[in-house]
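Shown next: work.cif, given as mmCIF, C-alpha atoms.
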```
data_run
loop_
_atom_site.group_PDB
_atom_site.id
_atom_site.type_symbol
_atom_site.label_atom_id
_atom_site.label_comp_id
_atom_site.auth_asym_id
_atom_site.auth_seq_id
_atom_site.Cartn_x
_atom_site.Cartn_y
_atom_site.Cartn_z
ATOM 1 C CA MET R 1 -28.942 37.796 9.473
ATOM 2 C CA ALA R 2 -25.232 37.817 8.534
ATOM 3 C CA LYS R 3 -24.275 36.111 11.807
ATOM 4 C CA GLN R 4 -26.899 33.399 11.250
ATOM 5 C CA CYS R 5 -25.540 32.819 7.745
ATOM 6 C CA ASP R 6 -21.969 32.577 9.099
ATOM 7 C CA ASP R 7 -23.128 30.117 11.769
ATOM 8 C CA LYS R 8 -24.793 27.955 9.128
ATOM 9 C CA MET R 9 -21.668 28.107 6.967
ATOM 10 C CA ASN R 10 -19.644 26.874 9.941
ATOM 11 C CA ASP R 11 -22.172 24.093 10.470
ATOM 12 C CA ILE R 12 -21.711 23.049 6.846
ATOM 13 C CA ASN R 13 -17.927 23.054 7.179
ATOM 14 C CA ASN R 14 -18.153 20.905 10.313
ATOM 15 C CA LEU R 15 -20.891 18.698 8.925
ATOM 16 C CA SER R 16 -20.370 14.944 9.134
ATOM 17 C CA ILE R 17 -20.566 13.572 5.602
ATOM 18 C CA ARG R 18 -22.592 10.376 5.308
ATOM 19 C CA ILE R 19 -21.092 7.905 2.831
ATOM 20 C CA LEU R 20 -22.781 4.739 1.618
ATOM 21 C CA ILE R 21 -20.462 1.882 0.569
ATOM 22 C CA VAL R 22 -22.130 -0.622 -1.742
ATOM 23 C CA ASP R 23 -20.331 -3.863 -2.577
ATOM 24 C CA ASP R 24 -21.334 -7.504 -2.547
ATOM 25 C CA ASN R 25 -17.787 -8.368 -1.492
ATOM 26 C CA LYS R 26 -17.556 -8.139 2.305
ATOM 27 C CA SER R 27 -13.776 -7.735 2.351
ATOM 28 C CA SER R 28 -13.978 -4.744 0.008
ATOM 29 C CA ARG R 29 -16.757 -3.187 2.098
ATOM 30 C CA ASP R 30 -14.844 -3.646 5.352
ATOM 31 C CA LEU R 31 -11.645 -2.235 3.873
ATOM 32 C CA LEU R 32 -13.330 0.940 2.668
ATOM 33 C CA GLU R 33 -15.299 1.266 5.906
ATOM 34 C CA ASP R 34 -12.172 1.091 8.087
ATOM 35 C CA LEU R 35 -10.364 3.610 5.885
ATOM 36 C CA LEU R 36 -13.154 6.204 5.825
ATOM 37 C CA VAL R 37 -14.217 5.847 9.471
ATOM 38 C CA GLN R 38 -10.649 6.773 10.440
ATOM 39 C CA LYS R 39 -11.108 10.002 8.459
ATOM 40 C CA GLY R 40 -14.227 10.916 10.431
ATOM 41 C CA TYR R 41 -16.882 10.059 7.867
ATOM 42 C CA ASP R 42 -20.280 8.630 8.830
ATOM 43 C CA ILE R 43 -20.496 5.291 7.032
ATOM 44 C CA ARG R 44 -23.426 3.145 5.897
ATOM 45 C CA LEU R 45 -23.006 -0.284 4.291
ATOM 46 C CA ALA R 46 -25.035 -2.200 1.712
ATOM 47 C CA SER R 47 -24.296 -5.668 0.364
ATOM 48 C CA ASP R 48 -26.202 -5.180 -2.906
ATOM 49 C CA GLY R 49 -27.889 -2.547 -5.032
ATOM 50 C CA LEU R 50 -31.428 -3.130 -3.724
ATOM 51 C CA GLU R 51 -30.328 -2.637 -0.127
ATOM 52 C CA ALA R 52 -28.425 0.481 -1.191
ATOM 53 C CA ILE R 53 -31.499 2.008 -2.847
ATOM 54 C CA GLU R 54 -33.543 1.348 0.300
ATOM 55 C CA ILE R 55 -30.935 3.084 2.494
ATOM 56 C CA ILE R 56 -30.759 6.075 0.151
ATOM 57 C CA GLU R 57 -34.534 6.369 0.185
ATOM 58 C CA ASN R 58 -35.036 5.963 3.949
ATOM 59 C CA GLU R 59 -31.892 7.370 5.561
ATOM 60 C CA GLY R 60 -30.390 9.784 3.093
ATOM 61 C CA VAL R 61 -26.711 9.951 2.213
ATOM 62 C CA ASP R 62 -24.316 12.487 0.712
ATOM 63 C CA LEU R 63 -21.977 10.209 -1.221
ATOM 64 C CA VAL R 64 -22.314 6.708 -2.645
ATOM 65 C CA LEU R 65 -19.335 4.483 -3.456
ATOM 66 C CA THR R 66 -20.813 1.586 -5.385
ATOM 67 C CA ASP R 67 -19.388 -1.405 -7.169
ATOM 68 C CA LEU R 68 -20.619 -1.683 -10.752
ATOM 69 C CA LYS R 69 -21.232 -5.431 -10.990
ATOM 70 C CA MET R 70 -23.618 -6.724 -8.288
ATOM 71 C CA PRO R 71 -26.566 -9.135 -8.157
ATOM 72 C CA GLY R 72 -30.114 -7.747 -7.870
ATOM 73 C CA ALA R 73 -29.362 -4.189 -8.908
ATOM 74 C CA ASP R 74 -26.018 -3.115 -10.335
ATOM 75 C CA GLY R 75 -24.146 0.143 -9.836
ATOM 76 C CA LEU R 76 -25.984 1.864 -12.688
ATOM 77 C CA GLU R 77 -29.330 1.105 -11.074
ATOM 78 C CA VAL R 78 -28.019 2.491 -7.794
ATOM 79 C CA LEU R 79 -26.866 5.627 -9.645
ATOM 80 C CA ARG R 80 -30.192 6.169 -11.410
ATOM 81 C CA ASN R 81 -32.224 5.722 -8.243
ATOM 82 C CA ALA R 82 -29.902 7.922 -6.183
ATOM 83 C CA ILE R 83 -30.301 10.760 -8.694
ATOM 84 C CA ARG R 84 -34.060 10.202 -8.743
ATOM 85 C CA ILE R 85 -34.304 10.331 -4.941
ATOM 86 C CA ASP R 86 -31.924 13.270 -4.479
ATOM 87 C CA PRO R 87 -30.155 14.932 -7.447
ATOM 88 C CA ASN R 88 -27.549 16.341 -5.031
ATOM 89 C CA ILE R 89 -26.232 12.888 -4.042
ATOM 90 C CA LEU R 90 -22.828 12.191 -5.566
ATOM 91 C CA VAL R 91 -22.140 8.678 -6.861
ATOM 92 C CA VAL R 92 -18.732 7.137 -7.558
ATOM 93 C CA ILE R 93 -18.674 3.933 -9.609
ATOM 94 C CA ILE R 94 -16.069 1.292 -8.725
ATOM 95 C CA THR R 95 -15.314 -0.893 -11.722
ATOM 96 C CA GLY R 96 -12.878 -3.392 -13.189
ATOM 97 C CA TYR R 97 -11.002 -2.880 -16.453
ATOM 98 C CA ALA R 98 -13.437 -5.136 -18.288
ATOM 99 C CA SER R 99 -16.322 -2.794 -17.457
ATOM 100 C CA LEU R 100 -14.552 0.452 -18.292
ATOM 101 C CA ASP R 101 -16.954 1.328 -21.118
ATOM 102 C CA THR R 102 -19.895 0.955 -18.732
ATOM 103 C CA ALA R 103 -18.140 3.145 -16.168
ATOM 104 C CA VAL R 104 -17.697 5.871 -18.771
ATOM 105 C CA GLU R 105 -21.387 5.538 -19.610
ATOM 106 C CA SER R 106 -22.177 6.073 -15.920
ATOM 107 C CA ILE R 107 -20.497 9.482 -16.113
ATOM 108 C CA ARG R 108 -22.865 10.395 -18.936
ATOM 109 C CA GLU R 109 -25.776 9.358 -16.725
ATOM 110 C CA GLY R 110 -24.675 11.632 -13.897
ATOM 111 C CA ALA R 111 -22.029 9.818 -11.854
ATOM 112 C CA PHE R 112 -19.554 12.128 -10.119
ATOM 113 C CA ASP R 113 -16.596 9.950 -11.084
ATOM 114 C CA TYR R 114 -15.388 6.365 -11.337
ATOM 115 C CA ILE R 115 -12.350 4.468 -10.085
ATOM 116 C CA LYS R 116 -10.822 1.287 -11.501
ATOM 117 C CA LYS R 117 -9.955 -1.827 -9.544
ATOM 118 C CA PRO R 118 -7.502 -2.473 -8.118
ATOM 119 C CA PHE R 119 -7.056 0.983 -6.617
ATOM 120 C CA GLY R 120 -4.719 2.311 -3.932
ATOM 121 C CA LEU R 121 -6.053 3.677 -0.650
ATOM 122 C CA ASP R 122 -4.596 7.091 -1.429
ATOM 123 C CA GLU R 123 -6.490 7.131 -4.720
ATOM 124 C CA ILE R 124 -9.828 6.493 -3.062
ATOM 125 C CA LEU R 125 -9.105 9.078 -0.347
ATOM 126 C CA ILE R 126 -8.275 11.739 -2.934
ATOM 127 C CA LEU R 127 -11.462 10.939 -4.836
ATOM 128 C CA VAL R 128 -13.561 11.050 -1.649
ATOM 129 C CA ARG R 129 -12.030 14.405 -0.664
ATOM 130 C CA LYS R 130 -12.908 15.827 -4.079
ATOM 131 C CA ALA R 131 -16.462 14.576 -3.700
ATOM 132 C CA VAL R 132 -16.750 15.996 -0.165
ATOM 133 C CA GLU R 133 -15.564 19.406 -1.396
ATOM 134 C CA ARG R 134 -18.262 19.303 -4.059
ATOM 135 C CA ILE R 135 -20.864 18.271 -1.465
ATOM 136 C CA ARG R 136 -19.941 21.187 0.823
ATOM 137 C CA LEU R 137 -20.046 23.556 -2.160
ATOM 138 C CA ILE R 138 -23.515 22.285 -3.103
ATOM 139 C CA LYS R 139 -24.717 22.797 0.468
ATOM 140 C CA GLU R 140 -23.220 26.299 0.606
ATOM 141 C CA ASN R 141 -24.871 27.216 -2.689
ATOM 142 C CA ARG R 142 -28.175 25.878 -1.425
ATOM 143 C CA LEU R 143 -27.814 27.943 1.753
ATOM 144 C CA LEU R 144 -26.949 31.079 -0.219
ATOM 145 C CA PHE R 145 -29.924 30.489 -2.496
ATOM 146 C CA GLU R 146 -32.205 30.110 0.530
ATOM 147 C CA LYS R 147 -30.748 33.308 1.979
ATOM 148 C CA LEU R 148 -31.376 35.078 -1.337
ATOM 149 C CA GLN R 149 -34.977 33.862 -1.323
ATOM 150 C CA THR R 150 -35.408 34.995 2.297
ATOM 151 C CA THR R 151 -33.937 38.407 1.445
ATOM 152 C CA HIS R 152 -36.216 38.675 -1.582
ATOM 153 C CA GLU R 153 -39.276 37.846 0.546
ATOM 154 C CA GLU R 154 -38.155 40.371 3.157
ATOM 155 C CA MET R 155 -37.769 43.019 0.443
ATOM 156 C CA LYS R 156 -41.264 42.239 -0.834
ATOM 157 C CA ARG R 157 -42.627 42.515 2.706
ATOM 158 C CA LEU R 158 -40.861 45.850 3.294
ATOM 159 C CA ARG R 159 -42.025 47.145 -0.097
ATOM 160 C CA ALA R 160 -45.624 46.224 0.739
ATOM 161 C CA LYS R 161 -45.262 47.869 4.159
ATOM 162 C CA LYS R 162 -43.836 51.007 2.507
ATOM 163 C CA GLU R 163 -46.777 51.130 0.090
ATOM 164 C CA ARG R 164 -49.241 50.758 2.985
ATOM 165 C CA LEU R 165 -47.510 53.560 4.887
ATOM 166 C CA GLU R 166 -47.521 55.803 1.808
ATOM 167 C CA LYS R 167 -51.259 55.231 1.359
ATOM 168 C CA LYS R 168 -51.847 55.941 5.039
ATOM 169 C CA ILE R 169 -49.775 59.147 4.823
ATOM 170 C CA GLN R 170 -51.664 60.181 1.692
ATOM 171 C CA SER R 171 -54.964 59.544 3.464
ATOM 172 C CA LEU R 172 -53.797 61.541 6.501
ATOM 173 C CA ASN R 173 -52.693 64.404 4.249
ATOM 174 C CA GLU R 174 -56.078 64.434 2.535
ATOM 175 C CA SER R 175 -57.833 64.387 5.916
ATOM 176 C CA LEU R 176 -55.586 67.212 7.102
ATOM 177 C CA GLU R 177 -56.326 69.278 4.016
ATOM 178 C CA SER R 178 -60.043 68.691 4.549
ATOM 179 C CA PHE R 179 -59.731 69.612 8.233
ATOM 180 C CA GLU R 180 -57.753 72.758 7.387
ATOM 181 C CA GLY R 181 -60.474 73.757 4.964
ATOM 182 C CA LYS R 182 -63.173 73.281 7.580
ATOM 183 C CA LEU R 183 -61.050 75.080 10.163
ATOM 184 C CA ALA R 184 -60.558 78.048 7.853
ATOM 185 C CA HIS R 185 -64.316 78.206 7.247
ATOM 186 C CA HIS R 186 -64.901 77.904 10.989
ATOM 187 C CA VAL R 187 -62.500 80.783 11.731
ATOM 188 C CA LEU R 188 -64.269 82.975 9.172
ATOM 189 C CA SER R 189 -67.623 82.148 10.799
ATOM 190 C CA VAL R 190 -66.323 83.086 14.230
ATOM 191 C CA LYS R 191 -64.873 86.352 12.943
ATOM 192 C CA LYS R 192 -68.353 87.406 11.849
ATOM 193 C CA PHE R 193 -69.423 87.708 15.485
ATOM 194 C CA PRO R 194 -68.551 91.016 17.240
ATOM 195 C CA PHE R 195 -66.360 90.681 20.296
ATOM 196 C CA ASN R 196 -69.074 92.172 22.518
ATOM 197 C CA PHE R 197 -71.970 90.319 20.885
ATOM 198 C CA LEU R 198 -73.636 89.509 24.243
ATOM 199 C CA PRO R 199 -75.656 92.271 25.828
ATOM 200 C CA TYR R 200 -74.161 91.717 29.272
ATOM 201 C CA GLN R 201 -70.762 92.513 27.763
ATOM 202 C CA SER R 202 -71.991 95.952 26.770
ATOM 203 C CA PRO R 203 -72.040 98.885 29.187
ATOM 204 C CA ASN R 204 -75.556 99.682 27.896
ATOM 205 C CA ASN R 205 -77.292 96.419 28.851
ATOM 206 C CA SER R 206 -80.408 98.193 29.981
ATOM 207 C CA GLU R 207 -80.966 99.586 26.469
ATOM 208 C CA VAL R 208 -81.014 96.186 24.766
ATOM 209 C CA LYS R 209 -84.431 95.478 23.329
ATOM 210 C CA LYS R 210 -86.229 92.115 23.293
ATOM 211 C CA TRP R 211 -85.831 91.620 19.572
ATOM 212 C CA GLU R 212 -82.111 92.125 19.976
ATOM 213 C CA MET R 213 -82.190 89.394 22.651
ATOM 214 C CA VAL R 214 -83.716 87.043 20.093
ATOM 215 C CA LYS R 215 -80.888 87.835 17.681
ATOM 216 C CA GLU R 216 -78.336 87.149 20.410
ATOM 217 C CA LEU R 217 -80.029 83.827 21.200
ATOM 218 C CA ASP R 218 -79.773 82.907 17.535
ATOM 219 C CA LYS R 219 -76.050 83.617 17.710
ATOM 220 C CA LEU R 220 -75.729 81.390 20.763
ATOM 221 C CA PHE R 221 -77.495 78.549 18.925
ATOM 222 C CA LEU R 222 -75.142 79.039 15.996
ATOM 223 C CA LEU R 223 -72.074 79.001 18.246
ATOM 224 C CA MET R 224 -73.243 75.790 19.872
ATOM 225 C CA GLY R 225 -73.946 74.294 16.457
ATOM 226 C CA GLU R 226 -70.429 75.209 15.328
ATOM 227 C CA GLY R 227 -69.009 73.540 18.444
ATOM 228 C CA ILE R 228 -67.472 76.768 19.751
ATOM 229 C CA ILE R 229 -69.440 76.464 22.976
ATOM 230 C CA ASP R 230 -70.851 73.324 24.536
ATOM 231 C CA GLU R 231 -74.365 72.713 25.820
ATOM 232 C CA ASN R 232 -73.566 73.728 29.410
ATOM 233 C CA GLU R 233 -71.952 76.967 28.259
ATOM 234 C CA PHE R 234 -74.977 77.575 26.043
ATOM 235 C CA ARG R 235 -77.352 77.160 29.000
ATOM 236 C CA THR R 236 -75.269 79.499 31.175
ATOM 237 C CA LEU R 237 -75.088 82.210 28.527
ATOM 238 C CA LYS R 238 -78.753 81.767 27.663
ATOM 239 C CA LYS R 239 -79.690 82.097 31.328
ATOM 240 C CA LYS R 240 -77.653 85.308 31.685
ATOM 241 C CA LEU R 241 -79.114 86.655 28.495
ATOM 242 C CA LEU R 242 -82.718 85.924 29.459
ATOM 243 C CA SER R 243 -82.182 87.377 32.925
ATOM 244 C CA MET R 244 -81.849 90.765 31.233
ATOM 245 C CA LEU R 245 -85.356 90.651 29.812
#
```
Would you mind writing the file's structure down as structure tokens?
Amino acid sequence: MAKQCDDKMNDINNLSIRILIVDDNKSSRDLLEDLLVQKGYDIRLASDGLEAIEIIENEGVDLVLTDLKMPGADGLEVLRNAIRIDPNILVVIITGYASLDTAVESIREGAFDYIKKPFGLDEILILVRKAVERIRLIKENRLLFEKLQTTHEEMKRLRAKKERLEKKIQSLNESLESFEGKLAHHVLSVKKFPFNFLPYQSPNNSEVKKWEMVKELDKLFLLMGEGIIDENEFRTLKKKLLSML
């Protein structure tokens, strides 16, 4: 279990982060794409907010870099729909100075951060790295939560198995106590019979009377009923007994 968890953690650390760049300006899109592809990120492009929402819904992304002012659906609409589709998606709003108040509002609505135009390439890379660290942390937390759930289910399963075993042991103990009681009674019944209860075991067989034979036959029936001798043994003993009449 621990090894599997470590393997999954390594998978998360090596995971290719999918970033969606949303901007109606092709030059801006291409610039960001070239920059982030060089850093090993998996990039998707959208020329407006509606296309971005469709990509988020159908392909899934980890991080969205979206311009605020766009035709069709603006950056706030992209943000709201991204959070609706997957609350774990991080959204960064790209805005001009004139829209700074709206960018701040986007933070209140759940945006990860915002960046003002014009921005330097180092600025955007630092912001993306921060977002990627958060994404990996979210994925690790999700994995740990899943592991906790799995462990909890395993504990429930083991607890149920333990309870079943305890009931089975209790039932076996009760059966054993019952068997010991019957065995003790059986031993007492056997002890009631003399060791030389059969006439042919006595040196005075010739003196045994017929009514004593009947008593011995009754004992044989009782022994067979108790399971001490089986039917074949009963027939053999009965035959020997009757041969003395």
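For the pair atom CA of Asp113 of chain R and atom CA of Val92 of chain R, the separation is 5.0 Å.
Straight-line separation from atom CA of Asp42 of chain R to atom CA of Ser16 of chain R: 6.3 Å.
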Counting only C-alpha atoms, which residue out of R:Leu165, R:Ile21, R:Ile53, R:Leu144 sits closest to Arg84 of chain R?
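Counting only C-alpha atoms, the residue closest to Arg84 of chain R is R:Ile53.
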Give me, as a Markdown table, each residue of segment 19-84 of chain R that comes within 12 Å of segment 129-141 of chain R, together with its shortest interatomic pair and the distance in Å at one decimal, counting all atoms listed in the file, with rows ordered by chain and rising residue number.
```
| residue | atom | partner | partner_atom | distance |
| --- | --- | --- | --- | --- |
| R:Ile19 | CA | R:Val132 | CA | 9.7 |
| R:Leu36 | CA | R:Arg129 | CA | 10.5 |
| R:Lys39 | CA | R:Arg129 | CA | 10.2 |
| R:Gly40 | CA | R:Arg129 | CA | 11.8 |
| R:Tyr41 | CA | R:Val132 | CA | 10.0 |
| R:Val61 | CA | R:Ile135 | CA | 10.8 |
| R:Asp62 | CA | R:Ile135 | CA | 7.1 |
| R:Leu63 | CA | R:Ala131 | CA | 7.5 |
| R:Val64 | CA | R:Ala131 | CA | 9.9 |
| R:Leu65 | CA | R:Ala131 | CA | 10.5 |
```
Next, write the just-selected residues to a file, as a compact mmCIF listing (two decimals), in the frame of the given file, keeping C-alpha atoms as the atom set.
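Saved file out_28.txt follows:
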```
# COMPACT_ATOMS: atom_id res chain seq x y z
CA ILE R 19 -21.09 7.90 2.83
CA LEU R 36 -13.15 6.20 5.82
CA LYS R 39 -11.11 10.00 8.46
CA GLY R 40 -14.23 10.92 10.43
CA TYR R 41 -16.88 10.06 7.87
CA VAL R 61 -26.71 9.95 2.21
CA ASP R 62 -24.32 12.49 0.71
CA LEU R 63 -21.98 10.21 -1.22
CA VAL R 64 -22.31 6.71 -2.64
CA LEU R 65 -19.34 4.48 -3.46
```
Once the PyMOL selection byres ((chain R and resi 94) around 12) is applied to the coordinates I shared, what remains selected? I want it as a PyMOL selection string.
chain R and resi 21-24+28-29+32+64-70+74-76+79+91-93+95-100+102-104+106-107+111-119+123-124+127
For the PyMOL selection byres ((chain R and resi 49) around 6), applied here, can you spell out every residue it catches as a short mmCIF file (atom, residue, chain, number, x, y, z; two decimals) with C-alpha atoms, in the coordinates of the input?
```cif
data_model
loop_
_atom_site.label_atom_id
_atom_site.label_comp_id
_atom_site.auth_asym_id
_atom_site.auth_seq_id
_atom_site.Cartn_x
_atom_site.Cartn_y
_atom_site.Cartn_z
CA ASP R 48 -26.20 -5.18 -2.91
CA LEU R 50 -31.43 -3.13 -3.72
CA GLU R 51 -30.33 -2.64 -0.13
CA ALA R 52 -28.42 0.48 -1.19
CA ALA R 73 -29.36 -4.19 -8.91
CA ASP R 74 -26.02 -3.12 -10.34
CA VAL R 78 -28.02 2.49 -7.79
#
```
